[in-house]
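Enquirer: The following file, run.cif, comprises mmCIF, C-alpha atoms:
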data_structure
loop_
_atom_site.label_atom_id
_atom_site.label_comp_id
_atom_site.auth_asym_id
_atom_site.auth_seq_id
_atom_site.Cartn_x
_atom_site.Cartn_y
_atom_site.Cartn_z
CA MET C 258 107.73 110.42 87.85
CA LYS C 259 104.95 107.91 87.58
CA VAL C 260 103.16 106.87 90.72
CA PRO C 261 102.98 103.06 90.64
CA LYS C 262 99.71 101.18 90.16
CA CYS C 263 99.54 100.30 93.84
CA GLY C 264 99.93 104.03 94.48
CA ASN C 265 101.80 103.67 97.74
CA LEU C 266 104.49 106.15 98.59
CA LEU C 267 107.00 104.88 101.11
CA PHE C 268 109.28 107.17 103.10
CA ILE C 269 112.68 105.77 104.05
CA GLY C 270 115.68 107.34 105.73
CA PHE C 271 117.57 107.36 109.01
CA MET C 272 115.64 107.60 112.26
CA GLY C 273 114.85 111.16 113.21
CA VAL C 274 115.17 112.59 109.71
CA GLY C 275 111.47 113.51 109.61
CA LYS C 276 109.84 110.69 107.62
CA SER C 277 106.77 110.47 109.79
CA THR C 278 106.29 114.25 109.91
CA LEU C 279 106.56 114.64 106.15
CA ALA C 280 104.35 111.61 105.49
CA LYS C 281 101.59 113.20 107.56
CA GLU C 282 101.89 116.49 105.67
CA LEU C 283 101.85 114.72 102.31
CA ALA C 284 98.81 112.66 103.30
CA LYS C 285 96.96 115.88 104.11
CA GLU C 286 98.04 117.40 100.80
CA LEU C 287 96.89 114.32 98.85
CA LYS C 288 93.77 113.93 101.02
CA THR C 289 94.63 110.36 101.89
CA VAL C 290 95.59 108.40 104.97
CA CYS C 291 99.10 107.78 106.20
CA LEU C 292 100.37 104.76 108.05
CA ASP C 293 103.54 104.38 110.06
CA THR C 294 105.13 100.93 110.28
CA ASP C 295 106.41 101.58 113.82
CA LYS C 296 102.91 102.60 114.95
CA ILE C 297 101.35 99.51 113.34
CA ILE C 298 103.85 97.33 115.20
CA GLU C 299 103.29 99.17 118.48
CA ASN C 300 99.55 98.61 118.13
CA MET C 301 99.91 94.92 117.25
CA GLU C 302 102.23 94.27 120.18
CA ASN C 303 100.55 96.73 122.54
CA LYS C 304 104.02 97.99 123.45
CA LYS C 305 106.20 100.95 122.58
CA ILE C 306 109.11 100.22 120.21
CA LYS C 307 111.69 100.72 122.94
CA ASN C 308 109.88 98.14 125.08
CA ILE C 309 109.72 95.64 122.23
CA PHE C 310 113.49 96.08 121.84
CA SER C 311 114.16 95.69 125.55
CA THR C 312 111.86 92.73 126.19
CA LYS C 313 111.96 90.78 122.94
CA GLY C 314 115.08 92.05 121.20
CA GLU C 315 115.86 93.61 117.85
CA GLU C 316 115.59 90.39 115.85
CA TYR C 317 111.99 89.90 116.96
CA PHE C 318 111.25 93.49 115.95
CA ARG C 319 112.77 92.95 112.49
CA GLU C 320 110.53 89.90 112.02
CA LEU C 321 107.51 92.06 112.78
CA GLU C 322 108.72 94.61 110.23
CA GLN C 323 108.94 91.85 107.61
CA LYS C 324 105.41 90.72 108.48
CA VAL C 325 104.11 94.27 108.09
CA ALA C 326 106.03 94.68 104.80
CA ILE C 327 104.39 91.60 103.28
CA TRP C 328 100.99 92.73 104.50
CA LEU C 329 101.53 96.19 102.97
CA GLU C 330 102.61 94.74 99.63
CA LYS C 331 99.61 92.44 99.39
CA ASN C 332 96.83 94.40 101.02
CA VAL C 333 97.36 98.15 101.00
CA LYS C 334 97.27 100.64 98.13
CA ASN C 335 97.10 104.40 97.52
CA SER C 336 98.61 105.18 100.88
CA ILE C 337 101.45 107.18 102.31
CA ILE C 338 103.65 105.06 104.53
CA SER C 339 106.44 106.16 106.83
CA THR C 340 108.86 103.50 108.03
CA GLY C 341 111.31 102.88 110.82
CA GLY C 342 114.97 103.59 109.99
CA GLY C 343 115.81 99.89 109.63
CA PHE C 344 112.71 98.91 107.67
CA ILE C 345 114.84 98.87 104.49
CA ALA C 346 116.07 95.40 105.50
CA VAL C 347 112.76 93.81 104.51
CA GLY C 348 112.98 91.71 101.39
CA ASN C 349 110.09 93.23 99.45
CA LEU C 350 110.52 96.98 99.95
CA LYS C 351 110.37 97.97 96.28
CA LYS C 352 107.15 95.99 95.81
CA ILE C 353 105.29 98.09 98.37
CA GLY C 354 105.43 101.33 96.41
CA LYS C 355 107.57 104.20 95.21
CA ILE C 356 110.41 104.93 97.60
CA ILE C 357 111.08 108.47 98.79
CA TYR C 358 114.42 108.74 100.58
CA LEU C 359 114.79 111.60 103.02
CA LYS C 360 118.49 112.29 103.06
CA SER C 361 120.43 114.29 105.63
CA SER C 362 123.85 114.38 107.23
CA PHE C 363 124.13 112.66 110.61
CA ASP C 364 124.78 115.99 112.30
CA GLY C 365 121.76 117.48 110.58
CA ILE C 366 119.55 114.74 112.03
CA MET C 367 120.94 115.17 115.53
CA LYS C 368 120.44 118.92 115.29
CA ARG C 369 116.85 118.44 114.17
CA LEU C 370 116.16 116.12 117.12
CA GLU C 371 117.91 118.31 119.65
CA ASN C 372 116.10 121.46 118.52
CA HIS C 373 112.69 119.76 118.50
CA PRO C 374 110.17 121.00 121.10
CA LYS C 375 109.74 117.38 122.23
CA SER C 376 113.47 116.70 121.97
CA LYS C 377 113.81 114.50 125.06
CA GLU C 378 110.92 112.27 124.02
CA LYS C 379 112.13 112.08 120.40
CA LEU C 380 115.57 110.91 121.51
CA ALA C 381 114.40 108.56 124.27
CA LYS C 382 112.00 106.55 122.11
CA ARG C 383 114.77 105.48 119.72
CA PRO C 384 116.79 102.66 121.28
CA LEU C 385 119.42 102.69 118.53
CA LEU C 386 120.19 106.38 119.07
CA GLN C 387 121.23 105.93 122.68
CA ASP C 388 124.89 105.31 121.83
CA ARG C 389 125.85 108.22 119.57
CA LYS C 390 129.03 106.60 118.20
CA ARG C 391 127.29 103.37 117.25
CA ALA C 392 124.40 105.34 115.80
CA LYS C 393 126.81 107.17 113.51
CA GLU C 394 128.32 103.88 112.33
CA LEU C 395 124.84 102.55 111.66
CA PHE C 396 124.07 105.74 109.74
CA LYS C 397 127.10 105.20 107.51
CA ARG C 398 126.23 101.55 106.86
CA ARG C 399 122.63 102.32 106.02
CA SER C 400 123.22 105.38 103.84
CA ASP C 401 124.30 103.35 100.80
CA THR C 402 121.25 101.13 101.06
CA TYR C 403 118.89 104.10 101.29
CA LYS C 404 120.51 105.57 98.19
CA LYS C 405 120.26 102.33 96.22
CA LEU C 406 116.60 101.82 97.07
CA ALA C 407 115.41 105.37 96.43
CA ASP C 408 113.14 106.33 93.54
CA ILE C 409 113.18 109.92 94.73
CA THR C 410 115.76 111.50 97.02
CA ILE C 411 114.92 114.59 99.03
CA ASN C 412 117.92 116.22 100.64
CA VAL C 413 116.14 117.71 103.61
CA GLU C 414 118.95 120.09 104.50
CA LYS C 415 118.42 121.93 101.23
CA TYR C 416 114.89 123.01 102.11
CA LYS C 417 113.77 125.81 104.35
CA ASN C 418 110.80 123.90 105.75
CA LYS C 419 108.34 121.03 105.26
CA ARG C 420 106.14 123.06 102.92
CA GLU C 421 109.03 123.45 100.49
CA MET C 422 109.65 119.70 100.53
CA ILE C 423 105.98 118.96 99.91
CA LYS C 424 105.97 121.43 97.01
CA GLU C 425 108.99 119.70 95.51
CA LEU C 426 107.37 116.27 95.89
CA MET C 427 104.12 117.46 94.31
CA LYS C 428 106.12 118.80 91.37
CA LEU C 429 107.84 115.44 90.97
CA PHE C 430 104.56 113.52 91.09
CA ASP C 431 103.28 115.87 88.44
CA THR C 432 99.94 115.03 86.93
CA ASN C 433 100.10 111.38 87.96
CA VAL C 434 99.04 112.11 91.49
CA SER C 435 96.26 114.51 90.67
CA SER C 436 94.52 111.77 88.69
CA ARG C 437 94.53 109.31 91.59
CA MET M 593 79.97 82.32 107.41
CA LYS M 594 81.76 83.49 104.31
CA VAL M 595 84.58 85.91 104.70
CA PRO M 596 83.99 88.64 102.08
CA LYS M 597 86.23 89.09 99.05
CA CYS M 598 87.93 92.08 100.60
CA GLY M 599 88.63 89.82 103.57
CA ASN M 600 88.49 92.55 106.18
CA LEU M 601 87.04 91.77 109.56
CA LEU M 602 85.82 94.81 111.45
CA PHE M 603 85.23 94.85 115.20
CA ILE M 604 82.49 97.14 116.46
CA GLY M 605 81.00 97.64 119.91
CA PHE M 606 80.92 100.11 122.78
CA MET M 607 84.17 101.67 123.97
CA GLY M 608 85.97 99.51 126.47
CA VAL M 609 84.32 96.24 125.45
CA GLY M 610 87.64 94.81 124.25
CA LYS M 611 87.56 95.29 120.45
CA SER M 612 91.18 96.27 120.15
CA THR M 613 92.40 93.46 122.43
CA LEU M 614 90.45 90.80 120.56
CA ALA M 615 91.44 92.18 117.16
CA LYS M 616 95.12 91.82 118.12
CA GLU M 617 94.59 88.24 119.25
CA LEU M 618 92.71 87.36 116.10
CA ALA M 619 95.38 88.94 113.91
CA LYS M 620 97.97 86.74 115.61
CA GLU M 621 95.79 83.67 115.11
CA LEU M 622 95.28 84.46 111.42
CA LYS M 623 98.89 85.57 110.99
CA THR M 624 97.87 88.92 109.60
CA VAL M 625 98.12 92.55 110.63
CA CYS M 626 95.56 94.48 112.63
CA LEU M 627 94.77 98.15 112.39
CA ASP M 628 92.93 100.34 114.85
CA THR M 629 90.99 103.31 113.50
CA ASP M 630 91.68 105.38 116.64
CA LYS M 631 95.44 104.71 116.32
CA ILE M 632 95.42 105.63 112.63
CA ILE M 633 93.73 108.92 113.50
CA GLU M 634 96.12 109.58 116.40
CA ASN M 635 99.06 109.05 114.05
CA MET M 636 97.62 111.28 111.32
CA GLU M 637 96.87 114.09 113.75
CA ASN M 638 99.90 113.51 115.95
CA LYS M 639 97.59 113.84 118.95
CA LYS M 640 95.86 111.50 121.37
CA ILE M 641 92.11 111.05 120.86
CA LYS M 642 91.27 112.93 124.04
CA ASN M 643 93.34 115.89 122.80
CA ILE M 644 91.65 115.85 119.40
CA PHE M 645 88.30 115.98 121.23
CA SER M 646 89.40 118.81 123.52
CA THR M 647 91.13 120.97 120.90
CA LYS M 648 89.11 120.30 117.73
CA GLY M 649 85.86 118.84 118.99
CA GLU M 650 83.90 115.66 118.37
CA GLU M 651 82.59 116.71 114.97
CA TYR M 652 86.11 117.09 113.60
CA PHE M 653 86.98 113.65 114.97
CA ARG M 654 83.92 112.10 113.27
CA GLU M 655 85.04 113.62 109.96
CA LEU M 656 88.42 111.94 110.37
CA GLU M 657 86.65 108.64 111.07
CA GLN M 658 84.72 109.02 107.83
CA LYS M 659 87.94 109.75 105.94
CA VAL M 660 89.56 106.63 107.39
CA ALA M 661 86.44 104.56 106.59
CA ILE M 662 86.54 105.53 102.92
CA TRP M 663 90.26 104.84 102.77
CA LEU M 664 89.74 101.40 104.35
CA GLU M 665 86.96 100.52 101.92
CA LYS M 666 88.98 101.50 98.88
CA ASN M 667 92.52 100.55 99.79
CA VAL M 668 92.77 97.87 102.47
CA LYS M 669 91.97 94.16 102.32
CA ASN M 670 92.56 90.96 104.30
CA SER M 671 92.99 92.85 107.54
CA ILE M 672 91.60 92.83 111.02
CA ILE M 673 90.34 96.26 112.02
CA SER M 674 89.24 97.48 115.43
CA THR M 675 87.22 100.67 115.58
CA GLY M 676 86.30 103.40 118.01
CA GLY M 677 82.91 103.02 119.69
CA GLY M 678 81.29 105.68 117.50
CA PHE M 679 82.85 104.56 114.21
CA ILE M 680 79.52 102.95 113.28
CA ALA M 681 78.25 106.39 112.23
CA VAL M 682 80.34 106.29 109.04
CA GLY M 683 78.26 105.86 105.92
CA ASN M 684 80.13 102.93 104.37
CA LEU M 685 80.72 100.57 107.30
CA LYS M 686 79.31 97.44 105.67
CA LYS M 687 81.47 97.98 102.60
CA ILE M 688 84.69 97.73 104.61
CA GLY M 689 84.28 94.10 105.59
CA LYS M 690 82.42 91.60 107.75
CA ILE M 691 81.24 93.15 110.99
CA ILE M 692 81.90 91.45 114.31
CA TYR M 693 79.92 93.03 117.12
CA LEU M 694 81.31 92.57 120.62
CA LYS M 695 78.27 92.80 122.84
CA SER M 696 78.20 93.34 126.58
CA SER M 697 76.02 94.96 129.21
CA PHE M 698 77.05 98.46 130.26
CA ASP M 699 77.91 97.23 133.74
CA GLY M 700 80.00 94.44 132.24
CA ILE M 701 82.06 96.99 130.30
CA MET M 702 82.58 99.21 133.33
CA LYS M 703 83.61 96.20 135.40
CA ARG M 704 86.09 95.16 132.71
CA LEU M 705 87.62 98.64 132.65
CA GLU M 706 87.72 99.02 136.42
CA ASN M 707 89.35 95.61 136.93
CA HIS M 708 91.97 96.20 134.21
CA PRO M 709 95.60 96.51 135.39
CA LYS M 710 95.78 99.83 133.50
CA SER M 711 92.32 100.87 134.68
CA LYS M 712 93.05 104.55 135.25
CA GLU M 713 94.62 104.99 131.82
CA LYS M 714 91.85 102.99 130.11
CA LEU M 715 89.17 105.24 131.62
CA ALA M 716 91.03 108.54 131.19
CA LYS M 717 91.70 108.15 127.49
CA ARG M 718 88.00 107.91 126.66
CA PRO M 719 86.43 111.40 126.73
CA LEU M 720 82.90 110.08 126.33
CA LEU M 721 83.19 107.85 129.43
CA GLN M 722 83.90 110.73 131.78
CA ASP M 723 80.24 111.32 132.58
CA ARG M 724 78.90 107.90 133.58
CA LYS M 725 75.21 108.78 133.22
CA ARG M 726 75.65 110.24 129.73
CA ALA M 727 77.83 107.29 128.76
CA LYS M 728 75.03 104.91 129.72
CA GLU M 729 72.54 106.86 127.61
CA LEU M 730 74.98 106.74 124.68
CA PHE M 731 75.35 103.00 125.24
CA LYS M 732 71.57 102.53 124.98
CA ARG M 733 71.32 104.64 121.83
CA ARG M 734 74.18 102.85 120.11
CA SER M 735 73.25 99.30 121.08
CA ASP M 736 70.49 99.01 118.47
CA THR M 737 72.81 100.25 115.73
CA TYR M 738 75.53 97.77 116.67
CA LYS M 739 72.96 94.98 116.53
CA LYS M 740 71.62 96.04 113.15
CA LEU M 741 75.08 96.27 111.59
CA ALA M 742 76.48 93.00 112.94
CA ASP M 743 77.26 90.00 110.74
CA ILE M 744 78.47 88.13 113.81
CA THR M 745 77.63 88.95 117.42
CA ILE M 746 79.89 87.80 120.23
CA ASN M 747 78.36 88.21 123.67
CA VAL M 748 81.60 88.69 125.56
CA GLU M 749 80.06 88.04 128.96
CA LYS M 750 79.32 84.46 127.95
CA TYR M 751 82.99 83.57 127.50
CA LYS M 752 85.56 82.74 130.13
CA ASN M 753 88.40 84.50 128.32
CA LYS M 754 89.75 85.84 125.01
CA ARG M 755 90.91 82.39 123.88
CA GLU M 756 87.35 81.09 124.03
CA MET M 757 86.12 84.00 121.93
CA ILE M 758 88.83 83.44 119.34
CA LYS M 759 87.94 79.75 119.21
CA GLU M 760 84.30 80.63 118.61
CA LEU M 761 85.22 83.10 115.86
CA MET M 762 87.49 80.57 114.16
CA LYS M 763 84.63 78.07 114.21
CA LEU M 764 82.33 80.63 112.60
CA PHE M 765 84.84 81.50 109.89
CA ASP M 766 85.16 77.78 109.24
CA THR M 767 87.13 76.78 106.19
CA ASN M 768 86.71 80.16 104.52
CA VAL M 769 89.41 81.74 106.59
CA SER M 770 91.90 78.93 106.33
CA SER M 771 91.91 79.39 102.56
CA ARG M 772 92.75 83.11 102.77
#
Taking this structure as input, can you express it in the form of structure tokens?
Expert:
Amino acid sequence: MKVPKCGNLLFIGFMGVGKSTLAKELAKELKTVCLDTDKIIENMENKKIKNIFSTKGEEYFRELEQKVAIWLEKNVKNSIISTGGGFIAVGNLKKIGKIIYLKSSFDGIMKRLENHPKSKEKLAKRPLLQDRKRAKELFKRRSDTYKKLADITINVEKYKNKREMIKELMKLFDTNVSSR
Amino acid sequence: MKVPKCGNLLFIGFMGVGKSTLAKELAKELKTVCLDTDKIIENMENKKIKNIFSTKGEEYFRELEQKVAIWLEKNVKNSIISTGGGFIAVGNLKKIGKIIYLKSSFDGIMKRLENHPKSKEKLAKRPLLQDRKRAKELFKRRSDTYKKLADITINVEKYKNKREMIKELMKLFDTNVSSR
């Protein structure tokens, strides 16, 4: 797989699937910097995501995501970027970089979050996970979009651990990454 | 003043002087995105700055700052960037963008932090502010470097509020910014 000229690698997938964790690992492996769209938004607004949702609403948050997406497309290259679960709604996703979709079953994601050492925190910070039934519906709706947008799909449930996923990604990037 | 080709504007100055706050305001004014080098590092390490200092030490943190500095120089443009107080030690600062130095007396900074609604948090998160006497010595040592590196100096104690500082900056950028 060829890494695009802009060199960005963008992780997408449902909230809690491990995008941010894997992005950090990959950035270390590739000796580059990783960004997280949620963290950029939290810094710009000086508020946690859940507080942006509760005070300004989801629509406002989606506008910020679009703003960040345009900024990324125009001004950032050679970076690893993890995104919020709904970031795929931005209009220019494919222009930002190659898309890596972290795929998992809904139950797999919930299990991952519930078994996490910081489980309570991980669950609490995600406003759209509060209602489990609605979250599952959202998961179903989004899954097709993730699939359509993906350049690479990593089925996280097939791997023993993060290292295995990184190995697989490095294999896929092949020589294109080593020449960056 | 001409905004450089890369278009980045980099805020430097002693910790607590208000770099991050002003960077956010300016990003809103210029309808762009702001980054914060400390936040990028916290995301990459998945740890708060004070925990990076306590577990890995200052030297390790400075290496991360250098890594981020090189990444910014090579891969980011048209952005507003706030930095940690010691970020000026990186070797390529001037190559990242135009440097805006927020200047204040040491007492002015301490007053700002102590009068802040989140005063306790603002003070606690800065490991190098814990010993007031040593912090003042650090302030003296760094002040000359800030001055030497600055393309623009904003003496924050001369302004009534953030809005006035933004106005002054916009005047300095003149027509160069409006054409970005």
Enquirer: Would you translate the PyMOL selection byres ((chain M) within 7 of (chain C)) into the concrete set of residues it matches in this file, as a tab-separated table (two decimals) with C-alpha atoms, keeping the file's coordinate frame?
Expert:
chain	number	residue	atom	x	y	z
M	616	LYS	CA	95.12	91.82	118.12
M	625	VAL	CA	98.12	92.55	110.63
M	626	CYS	CA	95.56	94.48	112.63
M	627	LEU	CA	94.77	98.15	112.39
M	632	ILE	CA	95.42	105.63	112.63
M	636	MET	CA	97.62	111.28	111.32
M	660	VAL	CA	89.56	106.63	107.39
M	663	TRP	CA	90.26	104.84	102.77
M	667	ASN	CA	92.52	100.55	99.79
M	668	VAL	CA	92.77	97.87	102.47
M	669	LYS	CA	91.97	94.16	102.32
M	670	ASN	CA	92.56	90.96	104.30
Enquirer: How many Å separate CA of Asn308 in chain C from CA of Gly275 in chain C?
Expert: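 Distance reported for this atom pair: 21.9 Å.
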Enquirer: Ranking C:Lys304, C:Arg420, C:Lys360, C:Lys351 by minimum distance to Leu406 in chain C and counting only C-alpha atoms, which one comes first?
Expert: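 Among the listed residues, C:Lys351 lies closest to Leu406 in chain C.
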Enquirer: Leaving out Lys393 in chain C and any residue of its chain fewer than 6 positions from it, which residues lie within 12 Å of it when counting all atoms listed in the file, given as number ranges by chain?
Expert: C: 271-272, 362-367, 385-387, 399-400
Enquirer: Hey, which of M:Leu618, M:Ala681, M:Glu665, M:Ser674 ends up closest to Glu651 in chain M? Count only C-alpha atoms.
Expert: M:Ala681
Enquirer: Run the PyMOL selection byres ((chain M and resi 692-694) around 6) mentally over the shown coordinates, then write out the matched residues as a tab-separated table (two decimals) with C-alpha atoms, in the coordinates of the input, using the chain letters and numbers from the document.
Expert:
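Written file, expr-v2.tsv:
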chain	number	residue	atom	x	y	z
M	602	LEU	CA	85.82	94.81	111.45
M	603	PHE	CA	85.23	94.85	115.20
M	604	ILE	CA	82.49	97.14	116.46
M	605	GLY	CA	81.00	97.64	119.91
M	691	ILE	CA	81.24	93.15	110.99
M	695	LYS	CA	78.27	92.80	122.84
M	742	ALA	CA	76.48	93.00	112.94
M	744	ILE	CA	78.47	88.13	113.81
M	745	THR	CA	77.63	88.95	117.42
M	746	ILE	CA	79.89	87.80	120.23
Enquirer: For range 726-747 of chain M of the structure just presented, write N, CA, C and O atoms to a file, as an mmCIF file, in the first residue's frame.
Expert:
data_model
loop_
_atom_site.group_PDB
_atom_site.id
_atom_site.type_symbol
_atom_site.label_atom_id
_atom_site.label_comp_id
_atom_site.auth_asym_id
_atom_site.auth_seq_id
_atom_site.Cartn_x
_atom_site.Cartn_y
_atom_site.Cartn_z
ATOM 1 N N ARG M 726 13.375 29.261 43.171
ATOM 2 C CA ARG M 726 14.031 28.697 41.982
ATOM 3 C C ARG M 726 13.313 29.121 40.705
ATOM 4 O O ARG M 726 13.929 29.321 39.657
ATOM 5 N N ALA M 727 11.999 29.241 40.804
ATOM 6 C CA ALA M 727 11.210 29.670 39.637
ATOM 7 C C ALA M 727 11.621 31.082 39.226
ATOM 8 O O ALA M 727 11.742 31.386 38.034
ATOM 9 N N LYS M 728 11.861 31.931 40.217
ATOM 10 C CA LYS M 728 12.242 33.311 39.908
ATOM 11 C C LYS M 728 13.624 33.366 39.248
ATOM 12 O O LYS M 728 13.850 34.149 38.316
ATOM 13 N N GLU M 729 14.519 32.495 39.725
ATOM 14 C CA GLU M 729 15.855 32.426 39.094
ATOM 15 C C GLU M 729 15.744 31.957 37.642
ATOM 16 O O GLU M 729 16.388 32.496 36.747
ATOM 17 N N LEU M 730 14.900 30.950 37.437
ATOM 18 C CA LEU M 730 14.652 30.422 36.082
ATOM 19 C C LEU M 730 14.088 31.532 35.195
ATOM 20 O O LEU M 730 14.493 31.696 34.034
ATOM 21 N N PHE M 731 13.159 32.287 35.759
ATOM 22 C CA PHE M 731 12.543 33.406 35.041
ATOM 23 C C PHE M 731 13.612 34.385 34.560
ATOM 24 O O PHE M 731 13.612 34.805 33.399
ATOM 25 N N LYS M 732 14.541 34.708 35.452
ATOM 26 C CA LYS M 732 15.610 35.669 35.097
ATOM 27 C C LYS M 732 16.482 35.105 33.983
ATOM 28 O O LYS M 732 16.819 35.797 33.029
ATOM 29 N N ARG M 733 16.850 33.823 34.133
ATOM 30 C CA ARG M 733 17.716 33.204 33.114
ATOM 31 C C ARG M 733 17.030 33.160 31.755
ATOM 32 O O ARG M 733 17.652 33.403 30.729
ATOM 33 N N ARG M 734 15.747 32.857 31.766
ATOM 34 C CA ARG M 734 15.056 32.680 30.477
ATOM 35 C C ARG M 734 14.697 34.000 29.795
ATOM 36 O O ARG M 734 14.553 34.044 28.575
ATOM 37 N N SER M 735 14.525 35.043 30.601
ATOM 38 C CA SER M 735 14.008 36.301 30.042
ATOM 39 C C SER M 735 14.838 36.823 28.867
ATOM 40 O O SER M 735 14.294 37.271 27.859
ATOM 41 N N ASP M 736 16.163 36.743 29.003
ATOM 42 C CA ASP M 736 17.025 37.219 27.915
ATOM 43 C C ASP M 736 16.811 36.415 26.638
ATOM 44 O O ASP M 736 16.824 36.970 25.542
ATOM 45 N N THR M 737 16.651 35.097 26.806
ATOM 46 C CA THR M 737 16.457 34.230 25.632
ATOM 47 C C THR M 737 15.135 34.565 24.935
ATOM 48 O O THR M 737 15.081 34.666 23.711
ATOM 49 N N TYR M 738 14.079 34.716 25.732
ATOM 50 C CA TYR M 738 12.786 35.089 25.140
ATOM 51 C C TYR M 738 12.956 36.347 24.290
ATOM 52 O O TYR M 738 12.490 36.428 23.153
ATOM 53 N N LYS M 739 13.623 37.328 24.878
ATOM 54 C CA LYS M 739 13.794 38.639 24.224
ATOM 55 C C LYS M 739 14.540 38.483 22.901
ATOM 56 O O LYS M 739 14.153 39.052 21.884
ATOM 57 N N LYS M 740 15.613 37.691 22.952
ATOM 58 C CA LYS M 740 16.438 37.510 21.748
ATOM 59 C C LYS M 740 15.673 36.817 20.628
ATOM 60 O O LYS M 740 15.883 37.088 19.451
ATOM 61 N N LEU M 741 14.796 35.892 20.996
ATOM 62 C CA LEU M 741 14.099 35.086 19.990
ATOM 63 C C LEU M 741 12.875 35.787 19.389
ATOM 64 O O LEU M 741 12.411 35.423 18.312
ATOM 65 N N ALA M 742 12.371 36.791 20.089
ATOM 66 C CA ALA M 742 11.077 37.384 19.718
ATOM 67 C C ALA M 742 11.092 38.147 18.396
ATOM 68 O O ALA M 742 12.003 38.917 18.126
ATOM 69 N N ASP M 743 10.063 37.895 17.563
ATOM 70 C CA ASP M 743 9.800 38.773 16.421
ATOM 71 C C ASP M 743 8.858 39.895 16.858
ATOM 72 O O ASP M 743 8.934 41.005 16.375
ATOM 73 N N ILE M 744 7.950 39.553 17.724
ATOM 74 C CA ILE M 744 7.010 40.532 18.296
ATOM 75 C C ILE M 744 7.054 40.343 19.807
ATOM 76 O O ILE M 744 7.064 39.213 20.286
ATOM 77 N N THR M 745 7.055 41.443 20.550
ATOM 78 C CA THR M 745 6.946 41.331 22.010
ATOM 79 C C THR M 745 5.657 42.027 22.460
ATOM 80 O O THR M 745 5.378 43.153 22.057
ATOM 81 N N ILE M 746 4.881 41.302 23.231
ATOM 82 C CA ILE M 746 3.666 41.883 23.809
ATOM 83 C C ILE M 746 3.875 41.942 25.320
ATOM 84 O O ILE M 746 4.003 40.911 25.971
ATOM 85 N N ASN M 747 3.919 43.160 25.833
ATOM 86 C CA ASN M 747 4.066 43.328 27.281
ATOM 87 C C ASN M 747 2.676 43.232 27.902
ATOM 88 O O ASN M 747 1.919 44.203 27.919
#
